[in-house]
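Below: the structure, in C-alpha coordinates.
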Amino acid sequence: MVTRILARSFLMAAMVTVVLGPVSSARGGPLEVMQGSEIFTPPPDSEIPKGPFGDLVRKGERIFTQTGRFAKHYVGNDLTCESCHLDRGRKPYAAPLWGAYVLYPRFRSKNHMVNKLDERIQGCFRFSMNGTPPPVTSETMKALIAYSFWMSRGAPVGVKLKGQGLLALPKPASSPSILRGKKVYAARCALCHGMHGQGRTSHGGQVFPPVWGNRSYNKGAGLYKVAKLAGFIKMNMPLSKGDSLSNQASWDVAAYVDSQPRPPKPRKHPRS
(Lines give C-alpha, C1' and ligand atoms only; values in the text may rest on other atoms or scores of the structure.)
Protein backbone atom coordinates (compact mmCIF):
# COMPACT_ATOMS: atom_id res chain seq x y z
CA MET A 1 0.00 0.00 0.00
CA VAL A 2 2.81 2.41 0.94
CA THR A 3 4.68 1.49 -2.23
CA ARG A 4 1.64 2.32 -4.36
CA ILE A 5 1.18 5.69 -2.66
CA LEU A 6 4.85 6.61 -3.17
CA ALA A 7 4.76 5.52 -6.81
CA ARG A 8 1.61 7.56 -7.40
CA SER A 9 3.21 10.59 -5.73
CA PHE A 10 6.30 10.40 -7.93
CA LEU A 11 4.13 10.01 -11.04
CA MET A 12 2.01 13.04 -10.16
CA ALA A 13 5.13 15.12 -9.48
CA ALA A 14 6.53 14.22 -12.87
CA MET A 15 3.26 15.11 -14.59
CA VAL A 16 3.11 18.50 -12.84
CA THR A 17 6.71 19.23 -13.87
CA VAL A 18 6.01 18.57 -17.54
CA VAL A 19 2.52 19.97 -17.89
CA LEU A 20 2.27 22.97 -15.62
CA GLY A 21 5.51 24.81 -16.08
CA PRO A 22 9.24 25.24 -15.63
CA VAL A 23 11.39 23.18 -13.33
CA SER A 24 13.08 25.61 -10.94
CA SER A 25 16.20 25.35 -8.82
CA ALA A 26 16.62 26.78 -5.33
CA ARG A 27 18.14 29.86 -6.94
CA GLY A 28 15.06 30.43 -9.05
CA GLY A 29 16.44 29.46 -12.45
CA PRO A 30 15.48 26.55 -14.72
CA LEU A 31 17.18 23.28 -13.95
CA GLU A 32 19.26 21.70 -16.70
CA VAL A 33 16.95 18.70 -17.02
CA MET A 34 17.13 16.70 -20.22
CA GLN A 35 13.64 15.52 -21.16
CA GLY A 36 13.78 11.98 -22.50
CA SER A 37 16.37 10.30 -24.74
CA GLU A 38 14.63 10.99 -28.04
CA ILE A 39 14.61 14.25 -29.94
CA PHE A 40 11.27 16.04 -30.07
CA THR A 41 9.46 15.93 -33.42
CA PRO A 42 7.45 19.05 -34.32
CA PRO A 43 4.07 18.62 -36.05
CA PRO A 44 4.13 18.26 -39.86
CA ASP A 45 2.91 20.96 -42.22
CA SER A 46 -0.04 18.75 -43.14
CA GLU A 47 -1.49 19.32 -39.67
CA ILE A 48 -1.48 23.12 -39.84
CA PRO A 49 -5.17 23.96 -39.37
CA LYS A 50 -7.29 25.95 -41.75
CA GLY A 51 -8.51 29.38 -40.72
CA PRO A 52 -6.88 32.53 -39.29
CA PHE A 53 -4.42 30.71 -37.02
CA GLY A 54 -3.21 28.40 -39.77
CA ASP A 55 -2.86 31.35 -42.13
CA LEU A 56 -0.69 33.14 -39.58
CA VAL A 57 1.48 30.05 -39.07
CA ARG A 58 2.04 29.70 -42.81
CA LYS A 59 2.86 33.38 -43.05
CA GLY A 60 5.39 32.94 -40.27
CA GLU A 61 7.03 30.08 -42.15
CA ARG A 62 7.32 32.21 -45.31
CA ILE A 63 8.94 35.01 -43.32
CA PHE A 64 11.24 32.50 -41.64
CA THR A 65 12.50 30.97 -44.88
CA GLN A 66 12.40 34.06 -47.13
CA THR A 67 13.05 36.80 -44.61
CA GLY A 68 14.49 39.32 -47.06
CA ARG A 69 11.40 39.02 -49.23
CA PHE A 70 8.62 39.00 -46.66
CA ALA A 71 10.23 41.13 -43.93
CA LYS A 72 12.54 43.24 -46.07
CA HIS A 73 12.01 46.41 -44.01
CA TYR A 74 13.69 44.75 -41.03
CA VAL A 75 16.60 42.92 -42.72
CA GLY A 76 20.00 44.46 -43.39
CA ASN A 77 21.92 41.58 -44.98
CA ASP A 78 21.50 38.43 -47.08
CA LEU A 79 20.62 36.03 -44.27
CA THR A 80 17.26 34.52 -43.42
CA CYS A 81 16.03 33.06 -40.14
CA GLU A 82 16.68 29.66 -41.70
CA SER A 83 20.35 30.49 -42.26
CA CYS A 84 20.96 29.74 -38.57
CA HIS A 85 17.82 27.78 -37.62
CA LEU A 86 18.13 25.07 -40.27
CA ASP A 87 15.38 23.03 -41.92
CA ARG A 88 12.74 25.71 -41.31
CA GLY A 89 13.60 25.77 -37.63
CA ARG A 90 13.22 22.03 -37.18
CA LYS A 91 16.79 20.71 -37.09
CA PRO A 92 18.16 19.64 -33.70
CA TYR A 93 21.30 21.45 -32.50
CA ALA A 94 20.63 24.28 -34.95
CA ALA A 95 18.68 26.35 -32.41
CA PRO A 96 15.32 24.76 -33.37
CA LEU A 97 12.15 26.74 -32.76
CA TRP A 98 10.55 23.91 -30.81
CA GLY A 99 13.42 24.06 -28.34
CA ALA A 100 13.27 27.84 -27.93
CA TYR A 101 9.57 28.64 -27.57
CA VAL A 102 9.11 26.48 -24.48
CA LEU A 103 11.96 28.20 -22.58
CA TYR A 104 10.71 31.80 -22.77
CA PRO A 105 10.35 34.08 -20.89
CA ARG A 106 13.86 33.49 -19.54
CA PHE A 107 16.77 35.40 -18.02
CA ARG A 108 19.56 36.12 -20.51
CA SER A 109 23.09 36.93 -19.44
CA LYS A 110 23.60 38.91 -22.64
CA ASN A 111 21.46 41.78 -21.41
CA HIS A 112 20.93 40.75 -17.76
CA MET A 113 17.16 40.81 -18.16
CA VAL A 114 14.24 38.43 -18.35
CA ASN A 115 13.30 38.46 -22.02
CA LYS A 116 10.13 37.35 -23.73
CA LEU A 117 10.35 35.47 -27.02
CA ASP A 118 9.41 38.53 -29.06
CA GLU A 119 12.31 40.45 -27.50
CA ARG A 120 14.63 37.56 -28.36
CA ILE A 121 13.46 37.63 -31.97
CA GLN A 122 14.03 41.38 -32.10
CA GLY A 123 17.62 40.70 -31.08
CA CYS A 124 18.00 38.26 -33.97
CA PHE A 125 16.98 41.00 -36.40
CA ARG A 126 19.40 43.50 -34.85
CA PHE A 127 22.41 41.22 -34.75
CA SER A 128 22.10 38.17 -36.98
CA MET A 129 20.15 40.08 -39.65
CA ASN A 130 22.09 43.31 -39.04
CA GLY A 131 18.75 45.05 -39.39
CA THR A 132 15.94 46.72 -37.47
CA PRO A 133 13.81 44.95 -34.83
CA PRO A 134 10.19 44.51 -35.95
CA PRO A 135 7.73 46.00 -33.44
CA VAL A 136 6.07 43.53 -31.10
CA THR A 137 2.67 44.45 -32.58
CA SER A 138 3.79 44.09 -36.22
CA GLU A 139 2.38 41.40 -38.49
CA THR A 140 5.92 40.09 -38.95
CA MET A 141 6.31 39.47 -35.23
CA LYS A 142 2.83 38.02 -34.81
CA ALA A 143 3.48 35.56 -37.64
CA LEU A 144 6.90 34.47 -36.34
CA ILE A 145 5.51 33.93 -32.84
CA ALA A 146 2.61 31.89 -34.26
CA TYR A 147 5.03 29.76 -36.27
CA SER A 148 7.23 29.20 -33.21
CA PHE A 149 4.17 28.32 -31.12
CA TRP A 150 3.00 25.83 -33.73
CA MET A 151 6.42 24.16 -33.99
CA SER A 152 6.50 23.51 -30.24
CA ARG A 153 3.07 21.89 -30.05
CA GLY A 154 3.32 18.96 -27.65
CA ALA A 155 6.71 19.91 -26.21
CA PRO A 156 7.03 20.13 -22.41
CA VAL A 157 7.35 23.66 -21.04
CA GLY A 158 10.40 24.89 -19.14
CA VAL A 159 12.42 21.72 -19.66
CA LYS A 160 15.60 21.55 -21.69
CA LEU A 161 15.03 19.18 -24.58
CA LYS A 162 17.59 17.03 -26.34
CA GLY A 163 18.76 18.93 -29.43
CA GLN A 164 17.69 22.32 -28.04
CA GLY A 165 19.91 25.31 -28.86
CA LEU A 166 23.44 24.62 -30.08
CA LEU A 167 25.84 21.89 -29.03
CA ALA A 168 28.13 22.92 -26.18
CA LEU A 169 31.30 21.62 -27.79
CA PRO A 170 34.09 20.70 -25.34
CA LYS A 171 37.21 22.81 -25.51
CA PRO A 172 39.71 21.45 -28.05
CA ALA A 173 43.01 19.80 -27.20
CA SER A 174 44.84 22.66 -28.91
CA SER A 175 43.88 26.32 -28.94
CA PRO A 176 41.74 27.17 -32.00
CA SER A 177 43.99 28.03 -34.94
CA ILE A 178 42.95 30.55 -37.60
CA LEU A 179 45.58 29.13 -39.95
CA ARG A 180 44.34 25.55 -39.61
CA GLY A 181 40.78 26.80 -39.86
CA LYS A 182 41.52 28.55 -43.14
CA LYS A 183 42.74 25.27 -44.62
CA VAL A 184 39.68 23.35 -43.43
CA TYR A 185 37.40 26.12 -44.69
CA ALA A 186 38.97 25.99 -48.16
CA ALA A 187 38.58 22.21 -48.30
CA ARG A 188 35.15 21.73 -46.71
CA CYS A 189 33.26 25.04 -46.63
CA ALA A 190 34.22 27.23 -49.59
CA LEU A 191 32.24 25.17 -52.10
CA CYS A 192 29.01 26.51 -50.61
CA HIS A 193 30.03 29.71 -48.84
CA GLY A 194 32.69 30.94 -51.26
CA MET A 195 36.42 31.40 -50.77
CA HIS A 196 35.79 34.92 -49.55
CA GLY A 197 32.79 34.06 -47.38
CA GLN A 198 30.39 35.69 -49.80
CA GLY A 199 27.95 32.78 -50.10
CA ARG A 200 26.38 31.54 -53.33
CA THR A 201 23.52 32.90 -55.40
CA SER A 202 21.45 31.40 -58.20
CA HIS A 203 18.97 33.20 -60.47
CA GLY A 204 19.20 36.27 -58.29
CA GLY A 205 18.44 34.44 -55.05
CA GLN A 206 20.74 33.55 -52.15
CA VAL A 207 21.31 29.79 -52.08
CA PHE A 208 24.03 29.62 -49.42
CA PRO A 209 24.45 32.46 -46.91
CA PRO A 210 27.53 34.68 -46.63
CA VAL A 211 29.51 33.91 -43.48
CA TRP A 212 31.47 37.14 -43.30
CA GLY A 213 31.55 40.55 -44.93
CA ASN A 214 28.95 43.31 -45.05
CA ARG A 215 26.12 40.95 -46.01
CA SER A 216 26.57 38.56 -43.06
CA TYR A 217 25.86 38.73 -39.32
CA ASN A 218 27.39 41.53 -37.28
CA LYS A 219 29.66 41.42 -34.24
CA GLY A 220 26.73 41.38 -31.85
CA ALA A 221 25.35 38.06 -33.14
CA GLY A 222 25.54 34.88 -31.13
CA LEU A 223 27.58 33.13 -33.82
CA TYR A 224 30.26 35.78 -33.49
CA LYS A 225 31.26 33.87 -30.35
CA VAL A 226 33.72 31.19 -31.45
CA ALA A 227 32.40 28.62 -28.97
CA LYS A 228 28.82 28.93 -30.27
CA LEU A 229 29.88 28.86 -33.91
CA ALA A 230 32.05 25.80 -33.25
CA GLY A 231 29.06 23.92 -31.82
CA PHE A 232 26.92 24.95 -34.79
CA ILE A 233 29.57 23.84 -37.28
CA LYS A 234 30.19 20.53 -35.53
CA MET A 235 26.57 19.37 -35.74
CA ASN A 236 25.48 21.02 -38.98
CA MET A 237 28.35 21.60 -41.39
CA PRO A 238 29.04 20.81 -44.15
CA LEU A 239 25.34 20.89 -44.91
CA SER A 240 23.76 17.41 -44.67
CA LYS A 241 27.09 16.08 -43.35
CA GLY A 242 26.92 17.27 -39.76
CA ASP A 243 29.22 15.68 -37.17
CA SER A 244 31.74 14.80 -39.88
CA LEU A 245 34.36 17.35 -38.79
CA SER A 246 36.45 16.67 -35.71
CA ASN A 247 35.94 18.81 -32.61
CA GLN A 248 39.32 20.46 -33.25
CA ALA A 249 38.50 21.24 -36.89
CA SER A 250 35.15 22.72 -35.86
CA TRP A 251 36.85 25.06 -33.39
CA ASP A 252 39.52 25.99 -35.95
CA VAL A 253 36.99 26.84 -38.68
CA ALA A 254 34.92 28.87 -36.22
CA ALA A 255 38.00 30.84 -35.20
CA TYR A 256 38.84 31.52 -38.85
CA VAL A 257 35.33 32.58 -39.86
CA ASP A 258 34.89 34.88 -36.86
CA SER A 259 38.30 36.46 -37.48
CA GLN A 260 37.11 37.82 -40.82
CA PRO A 261 35.60 41.32 -41.38
CA ARG A 262 31.92 41.87 -40.68
CA PRO A 263 29.62 44.73 -39.62
CA PRO A 264 30.23 46.20 -36.16
CA LYS A 265 27.91 45.55 -33.23
CA PRO A 266 25.04 48.08 -33.22
CA ARG A 267 24.91 50.72 -30.55
CA LYS A 268 23.90 49.43 -27.17
CA HIS A 269 20.15 49.04 -26.77
CA PRO A 270 18.50 48.66 -23.34
CA ARG A 271 16.82 45.38 -24.29
CA SER A 272 19.47 43.86 -26.58
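Ligands are numbered from 1 in the order shown, residues from 1 within each chain, and chains are lettered A, B, ... in the order they appear in the C-alpha coordinates.
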Quiz item: region 66-185 of chain A: which residues are alpha helix (DSSP H) by DSSP, as a ChimeraX atom specification?
Solution: /A:67-70,81-84,86-89,97-100,117-127,139-151,178-185
What lies within 9 Å of Met141 (chain A) using only C-alpha atoms, ignoring chain neighbours under 4 positions off, as a PDB file with all heavy atoms, in the first residue's frame?
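Everything below was put into out-v4.pdb:
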```
ATOM      1  N   GLY A  60       4.173  32.963 -41.064  1.00  0.00           N
ATOM      2  CA  GLY A  60       5.394  32.937 -40.273  1.00  0.00           C
ATOM      3  C   GLY A  60       6.466  32.071 -40.913  1.00  0.00           C
ATOM      4  O   GLY A  60       7.649  32.425 -40.914  1.00  0.00           O
ATOM      5  N   ASP A 118       9.413  37.483 -28.038  1.00  0.00           N
ATOM      6  CA  ASP A 118       9.409  38.534 -29.058  1.00  0.00           C
ATOM      7  C   ASP A 118      10.646  39.425 -28.928  1.00  0.00           C
ATOM      8  O   ASP A 118      11.211  39.873 -29.929  1.00  0.00           O
ATOM      9  CB  ASP A 118       8.114  39.358 -29.021  1.00  0.00           C
ATOM     10  CG  ASP A 118       7.749  39.865 -27.637  1.00  0.00           C
ATOM     11  OD1 ASP A 118       8.640  39.965 -26.778  1.00  0.00           O
ATOM     12  OD2 ASP A 118       6.561  40.151 -27.412  1.00  0.00           O
ATOM     13  N   ILE A 121      13.523  37.559 -30.511  1.00  0.00           N
ATOM     14  CA  ILE A 121      13.461  37.634 -31.970  1.00  0.00           C
ATOM     15  C   ILE A 121      13.924  39.000 -32.459  1.00  0.00           C
ATOM     16  O   ILE A 121      14.623  39.116 -33.476  1.00  0.00           O
ATOM     17  CB  ILE A 121      12.031  37.327 -32.455  1.00  0.00           C
ATOM     18  CG1 ILE A 121      11.688  35.851 -32.193  1.00  0.00           C
ATOM     19  CG2 ILE A 121      11.865  37.649 -33.936  1.00  0.00           C
ATOM     20  CD1 ILE A 121      10.253  35.480 -32.473  1.00  0.00           C
ATOM     21  N   GLN A 122      13.561  40.048 -31.738  1.00  0.00           N
ATOM     22  CA  GLN A 122      14.032  41.383 -32.096  1.00  0.00           C
ATOM     23  C   GLN A 122      15.558  41.430 -32.095  1.00  0.00           C
ATOM     24  O   GLN A 122      16.175  42.065 -32.960  1.00  0.00           O
ATOM     25  CB  GLN A 122      13.461  42.424 -31.130  1.00  0.00           C
ATOM     26  CG  GLN A 122      11.983  42.714 -31.340  1.00  0.00           C
ATOM     27  CD  GLN A 122      11.453  43.728 -30.341  1.00  0.00           C
ATOM     28  OE1 GLN A 122      11.860  43.767 -29.182  1.00  0.00           O
ATOM     29  NE2 GLN A 122      10.528  44.573 -30.794  1.00  0.00           N
ATOM     30  N   PRO A 134      11.611  44.267 -35.663  1.00  0.00           N
ATOM     31  CA  PRO A 134      10.191  44.510 -35.951  1.00  0.00           C
ATOM     32  C   PRO A 134       9.438  44.795 -34.658  1.00  0.00           C
ATOM     33  O   PRO A 134       9.717  44.161 -33.628  1.00  0.00           O
ATOM     34  CB  PRO A 134       9.723  43.195 -36.590  1.00  0.00           C
ATOM     35  CG  PRO A 134      10.679  42.175 -36.107  1.00  0.00           C
ATOM     36  CD  PRO A 134      11.994  42.867 -35.909  1.00  0.00           C
ATOM     37  N   PRO A 135       8.512  45.735 -34.656  1.00  0.00           N
ATOM     38  CA  PRO A 135       7.729  46.004 -33.443  1.00  0.00           C
ATOM     39  C   PRO A 135       6.983  44.761 -32.972  1.00  0.00           C
ATOM     40  O   PRO A 135       6.613  43.901 -33.775  1.00  0.00           O
ATOM     41  CB  PRO A 135       6.750  47.099 -33.897  1.00  0.00           C
ATOM     42  CG  PRO A 135       7.414  47.748 -35.066  1.00  0.00           C
ATOM     43  CD  PRO A 135       8.158  46.653 -35.766  1.00  0.00           C
ATOM     44  N   VAL A 136       6.766  44.680 -31.678  1.00  0.00           N
ATOM     45  CA  VAL A 136       6.066  43.534 -31.103  1.00  0.00           C
ATOM     46  C   VAL A 136       4.678  43.369 -31.700  1.00  0.00           C
ATOM     47  O   VAL A 136       4.189  42.247 -31.858  1.00  0.00           O
ATOM     48  CB  VAL A 136       5.982  43.693 -29.568  1.00  0.00           C
ATOM     49  CG1 VAL A 136       5.088  42.623 -28.958  1.00  0.00           C
ATOM     50  CG2 VAL A 136       7.371  43.633 -28.946  1.00  0.00           C
ATOM     51  N   THR A 137       4.037  44.489 -32.049  1.00  0.00           N
ATOM     52  CA  THR A 137       2.674  44.445 -32.582  1.00  0.00           C
ATOM     53  C   THR A 137       2.618  44.307 -34.100  1.00  0.00           C
ATOM     54  O   THR A 137       1.530  44.292 -34.667  1.00  0.00           O
ATOM     55  CB  THR A 137       1.922  45.728 -32.182  1.00  0.00           C
ATOM     56  OG1 THR A 137       2.659  46.872 -32.637  1.00  0.00           O
ATOM     57  CG2 THR A 137       1.763  45.801 -30.663  1.00  0.00           C
ATOM     58  N   ILE A 145       5.888  34.517 -34.132  1.00  0.00           N
ATOM     59  CA  ILE A 145       5.505  33.927 -32.842  1.00  0.00           C
ATOM     60  C   ILE A 145       4.534  32.776 -33.061  1.00  0.00           C
ATOM     61  O   ILE A 145       4.637  31.710 -32.428  1.00  0.00           O
ATOM     62  CB  ILE A 145       4.868  34.995 -31.923  1.00  0.00           C
ATOM     63  CG1 ILE A 145       5.907  36.036 -31.501  1.00  0.00           C
ATOM     64  CG2 ILE A 145       4.238  34.345 -30.700  1.00  0.00           C
ATOM     65  CD1 ILE A 145       6.981  35.517 -30.580  1.00  0.00           C
ATOM     66  N   ALA A 146       3.578  32.959 -33.966  1.00  0.00           N
ATOM     67  CA  ALA A 146       2.615  31.893 -34.257  1.00  0.00           C
ATOM     68  C   ALA A 146       3.314  30.656 -34.806  1.00  0.00           C
ATOM     69  O   ALA A 146       2.996  29.518 -34.436  1.00  0.00           O
ATOM     70  CB  ALA A 146       1.569  32.395 -35.248  1.00  0.00           C
TER      71      ALA A 146
END
```
Practice problem: Would you please work out which residue, of A:Phe40, A:Tyr74, A:Tyr256, A:Tyr101, is nearest to Asn115 (chain A) when using only C-alpha atoms? | Solution: A:Tyr101
Practice problem: Quick one: pull the distance between CA of Phe149 (chain A) and CA of Pro133 (chain A), Å, one decimal. | Solution: 19.6 Å
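For His193 (chain A), the list of residues within 7 Å, based on only C-alpha atoms and with local chain neighbours fewer than 5 positions off taken out, reads Gln198, Gly199, Arg200, Phe208, Pro209, Pro210 and Val211 of chain A.
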Please dump the current selection as a PDB file, in the first residue's frame; keep N, CA, C and O atoms.
```pdb
ATOM      1  N   GLN A 198      31.474  34.909 -49.216  1.00  0.00           N
ATOM      2  CA  GLN A 198      30.387  35.693 -49.803  1.00  0.00           C
ATOM      3  C   GLN A 198      29.107  34.907 -50.032  1.00  0.00           C
ATOM      4  O   GLN A 198      28.075  35.482 -50.381  1.00  0.00           O
ATOM      5  N   GLY A 199      29.132  33.588 -49.841  1.00  0.00           N
ATOM      6  CA  GLY A 199      27.952  32.778 -50.099  1.00  0.00           C
ATOM      7  C   GLY A 199      27.773  32.501 -51.576  1.00  0.00           C
ATOM      8  O   GLY A 199      28.631  32.856 -52.403  1.00  0.00           O
ATOM      9  N   ARG A 200      26.665  31.873 -51.933  1.00  0.00           N
ATOM     10  CA  ARG A 200      26.383  31.537 -53.334  1.00  0.00           C
ATOM     11  C   ARG A 200      24.971  31.969 -53.698  1.00  0.00           C
ATOM     12  O   ARG A 200      24.037  31.817 -52.907  1.00  0.00           O
ATOM     13  N   PHE A 208      23.261  29.874 -50.643  1.00  0.00           N
ATOM     14  CA  PHE A 208      24.027  29.620 -49.419  1.00  0.00           C
ATOM     15  C   PHE A 208      24.422  30.965 -48.830  1.00  0.00           C
ATOM     16  O   PHE A 208      24.891  31.853 -49.546  1.00  0.00           O
ATOM     17  N   PRO A 209      24.251  31.137 -47.521  1.00  0.00           N
ATOM     18  CA  PRO A 209      24.450  32.458 -46.912  1.00  0.00           C
ATOM     19  C   PRO A 209      25.915  32.868 -46.822  1.00  0.00           C
ATOM     20  O   PRO A 209      26.805  32.020 -46.680  1.00  0.00           O
ATOM     21  N   PRO A 210      26.177  34.179 -46.884  1.00  0.00           N
ATOM     22  CA  PRO A 210      27.530  34.675 -46.631  1.00  0.00           C
ATOM     23  C   PRO A 210      27.868  34.504 -45.146  1.00  0.00           C
ATOM     24  O   PRO A 210      27.014  34.673 -44.295  1.00  0.00           O
ATOM     25  N   VAL A 211      29.121  34.150 -44.871  1.00  0.00           N
ATOM     26  CA  VAL A 211      29.514  33.910 -43.476  1.00  0.00           C
ATOM     27  C   VAL A 211      30.443  34.988 -42.930  1.00  0.00           C
ATOM     28  O   VAL A 211      30.804  34.958 -41.748  1.00  0.00           O
TER      29      VAL A 211
END
```
Exercise. Considering only C-alpha atoms, return as number ranges by chain whatever protein or nucleic-acid residues lie within 7 Å of region 61-67 of chain A, sequence-local ones (same chain, fewer than 2 positions apart) excluded.
Key: A: 57-59, 69-72, 80-82, 88, 147
Expected file: the selected residues, all heavy atoms, as an mmCIF file, in the first residue's frame:
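Generated output (part_12.cif):
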```cif
data_model
loop_
_atom_site.group_PDB
_atom_site.id
_atom_site.type_symbol
_atom_site.label_atom_id
_atom_site.label_comp_id
_atom_site.auth_asym_id
_atom_site.auth_seq_id
_atom_site.Cartn_x
_atom_site.Cartn_y
_atom_site.Cartn_z
ATOM 1 N N VAL A 57 0.353 30.983 -39.162
ATOM 2 C CA VAL A 57 1.479 30.047 -39.066
ATOM 3 C C VAL A 57 2.196 29.945 -40.410
ATOM 4 O O VAL A 57 3.431 30.011 -40.484
ATOM 5 C CB VAL A 57 0.997 28.656 -38.610
ATOM 6 C CG1 VAL A 57 2.124 27.622 -38.749
ATOM 7 C CG2 VAL A 57 0.505 28.708 -37.166
ATOM 8 N N ARG A 58 1.422 29.800 -41.471
ATOM 9 C CA ARG A 58 2.036 29.698 -42.806
ATOM 10 C C ARG A 58 2.751 30.983 -43.192
ATOM 11 O O ARG A 58 3.815 30.951 -43.829
ATOM 12 C CB ARG A 58 0.958 29.358 -43.840
ATOM 13 C CG ARG A 58 0.362 27.960 -43.679
ATOM 14 C CD ARG A 58 -0.620 27.623 -44.787
ATOM 15 N NE ARG A 58 -1.188 26.306 -44.602
ATOM 16 C CZ ARG A 58 -2.304 26.068 -43.906
ATOM 17 N NH1 ARG A 58 -2.951 27.093 -43.328
ATOM 18 N NH2 ARG A 58 -2.761 24.843 -43.776
ATOM 19 N N LYS A 59 2.196 32.108 -42.794
ATOM 20 C CA LYS A 59 2.860 33.380 -43.050
ATOM 21 C C LYS A 59 4.182 33.442 -42.291
ATOM 22 O O LYS A 59 5.202 33.900 -42.823
ATOM 23 C CB LYS A 59 1.958 34.541 -42.628
ATOM 24 C CG LYS A 59 2.541 35.916 -42.917
ATOM 25 C CD LYS A 59 1.552 37.021 -42.547
ATOM 26 C CE LYS A 59 2.126 38.393 -42.875
ATOM 27 N NZ LYS A 59 1.164 39.482 -42.561
ATOM 28 N N ARG A 69 12.527 38.756 -48.338
ATOM 29 C CA ARG A 69 11.395 39.022 -49.231
ATOM 30 C C ARG A 69 10.165 39.456 -48.458
ATOM 31 O O ARG A 69 9.486 40.422 -48.838
ATOM 32 C CB ARG A 69 11.080 37.776 -50.061
ATOM 33 C CG ARG A 69 9.885 37.944 -50.984
ATOM 34 C CD ARG A 69 9.610 36.672 -51.748
ATOM 35 N NE ARG A 69 8.411 36.790 -52.580
ATOM 36 C CZ ARG A 69 7.875 35.792 -53.275
ATOM 37 N NH1 ARG A 69 8.448 34.579 -53.249
ATOM 38 N NH2 ARG A 69 6.785 35.980 -53.991
ATOM 39 N N PHE A 70 9.868 38.757 -47.371
ATOM 40 C CA PHE A 70 8.615 39.005 -46.658
ATOM 41 C C PHE A 70 8.760 39.886 -45.415
ATOM 42 O O PHE A 70 7.754 40.233 -44.799
ATOM 43 C CB PHE A 70 7.967 37.671 -46.278
ATOM 44 C CG PHE A 70 7.490 36.877 -47.467
ATOM 45 C CD1 PHE A 70 8.175 35.746 -47.896
ATOM 46 C CD2 PHE A 70 6.368 37.276 -48.178
ATOM 47 C CE1 PHE A 70 7.746 35.023 -49.003
ATOM 48 C CE2 PHE A 70 5.927 36.559 -49.286
ATOM 49 C CZ PHE A 70 6.620 35.431 -49.704
ATOM 50 N N ALA A 71 10.008 40.212 -45.055
ATOM 51 C CA ALA A 71 10.231 41.135 -43.925
ATOM 52 C C ALA A 71 11.384 42.076 -44.281
ATOM 53 O O ALA A 71 12.225 42.394 -43.443
ATOM 54 C CB ALA A 71 10.539 40.353 -42.653
ATOM 55 N N LYS A 72 11.393 42.508 -45.531
ATOM 56 C CA LYS A 72 12.539 43.244 -46.066
ATOM 57 C C LYS A 72 12.822 44.546 -45.324
ATOM 58 O O LYS A 72 13.967 45.010 -45.299
ATOM 59 C CB LYS A 72 12.337 43.525 -47.552
ATOM 60 C CG LYS A 72 11.093 44.341 -47.895
ATOM 61 C CD LYS A 72 10.959 44.496 -49.399
ATOM 62 C CE LYS A 72 9.707 45.294 -49.772
ATOM 63 N NZ LYS A 72 9.574 45.422 -51.254
ATOM 64 N N THR A 80 18.652 34.752 -43.807
ATOM 65 C CA THR A 80 17.261 34.522 -43.421
ATOM 66 C C THR A 80 17.267 33.888 -42.032
ATOM 67 O O THR A 80 18.326 33.485 -41.531
ATOM 68 C CB THR A 80 16.552 33.555 -44.392
ATOM 69 O OG1 THR A 80 17.137 32.232 -44.252
ATOM 70 C CG2 THR A 80 16.696 34.022 -45.838
ATOM 71 N N CYS A 81 16.111 33.772 -41.433
ATOM 72 C CA CYS A 81 16.034 33.064 -40.144
ATOM 73 C C CYS A 81 16.571 31.641 -40.300
ATOM 74 O O CYS A 81 17.242 31.107 -39.409
ATOM 75 C CB CYS A 81 14.599 33.019 -39.642
ATOM 76 S SG CYS A 81 13.819 34.631 -39.379
ATOM 77 N N GLU A 82 16.284 31.043 -41.453
ATOM 78 C CA GLU A 82 16.675 29.660 -41.697
ATOM 79 C C GLU A 82 18.181 29.496 -41.887
ATOM 80 O O GLU A 82 18.693 28.379 -41.829
ATOM 81 C CB GLU A 82 15.928 29.123 -42.916
ATOM 82 C CG GLU A 82 15.997 27.625 -43.069
ATOM 83 C CD GLU A 82 15.221 27.126 -44.268
ATOM 84 O OE1 GLU A 82 15.086 27.879 -45.260
ATOM 85 O OE2 GLU A 82 14.743 25.982 -44.243
ATOM 86 N N ARG A 88 13.943 24.952 -41.699
ATOM 87 C CA ARG A 88 12.744 25.711 -41.309
ATOM 88 C C ARG A 88 12.563 25.783 -39.795
ATOM 89 O O ARG A 88 11.464 25.884 -39.286
ATOM 90 C CB ARG A 88 11.495 25.113 -41.970
ATOM 91 C CG ARG A 88 11.505 25.167 -43.488
ATOM 92 C CD ARG A 88 10.306 24.461 -44.093
ATOM 93 N NE ARG A 88 10.333 23.045 -43.788
ATOM 94 C CZ ARG A 88 9.245 22.301 -43.588
ATOM 95 N NH1 ARG A 88 8.039 22.851 -43.642
ATOM 96 N NH2 ARG A 88 9.342 21.023 -43.324
ATOM 97 N N TYR A 147 4.283 30.879 -35.684
ATOM 98 C CA TYR A 147 5.028 29.762 -36.270
ATOM 99 C C TYR A 147 5.837 29.033 -35.194
ATOM 100 O O TYR A 147 5.874 27.791 -35.158
ATOM 101 C CB TYR A 147 5.942 30.281 -37.373
ATOM 102 C CG TYR A 147 6.715 29.209 -38.100
ATOM 103 C CD1 TYR A 147 6.088 28.093 -38.646
ATOM 104 C CD2 TYR A 147 8.105 29.315 -38.261
ATOM 105 C CE1 TYR A 147 6.792 27.112 -39.321
ATOM 106 C CE2 TYR A 147 8.827 28.342 -38.940
ATOM 107 C CZ TYR A 147 8.167 27.247 -39.463
ATOM 108 O OH TYR A 147 8.894 26.277 -40.129
#
```
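Between CA of Ala168 (chain A) and CA of Gly123 (chain A) lies a distance of 21.2 Å.
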Exercise. Can you pull out every residue within 12 Å of Ala249 (chain A), counting only C-alpha atoms, but drop anything in the same chain fewer than 3 positions away, and send it as a PyMOL selection string?
Key: chain A and resi 169+171-185+187-189+229-231+233-234+237-238+243-246+252-256
Exercise. Mind the document's chain letters and residue numbers, and return as a list in words the residues of region 13-243 of chain A that DSSP labels strand (DSSP E).
Key: Met34, Gln35, Arg106, Phe107, Arg108, Met113, Val114, Asn115, Lys160, Leu161, Arg200, Thr201, Ser202, Gly205, Gln206, Val207 and Phe208 of chain A
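Here CA of Leu223 (chain A) and CA of Cys84 (chain A) stand 8.8 Å from one another.
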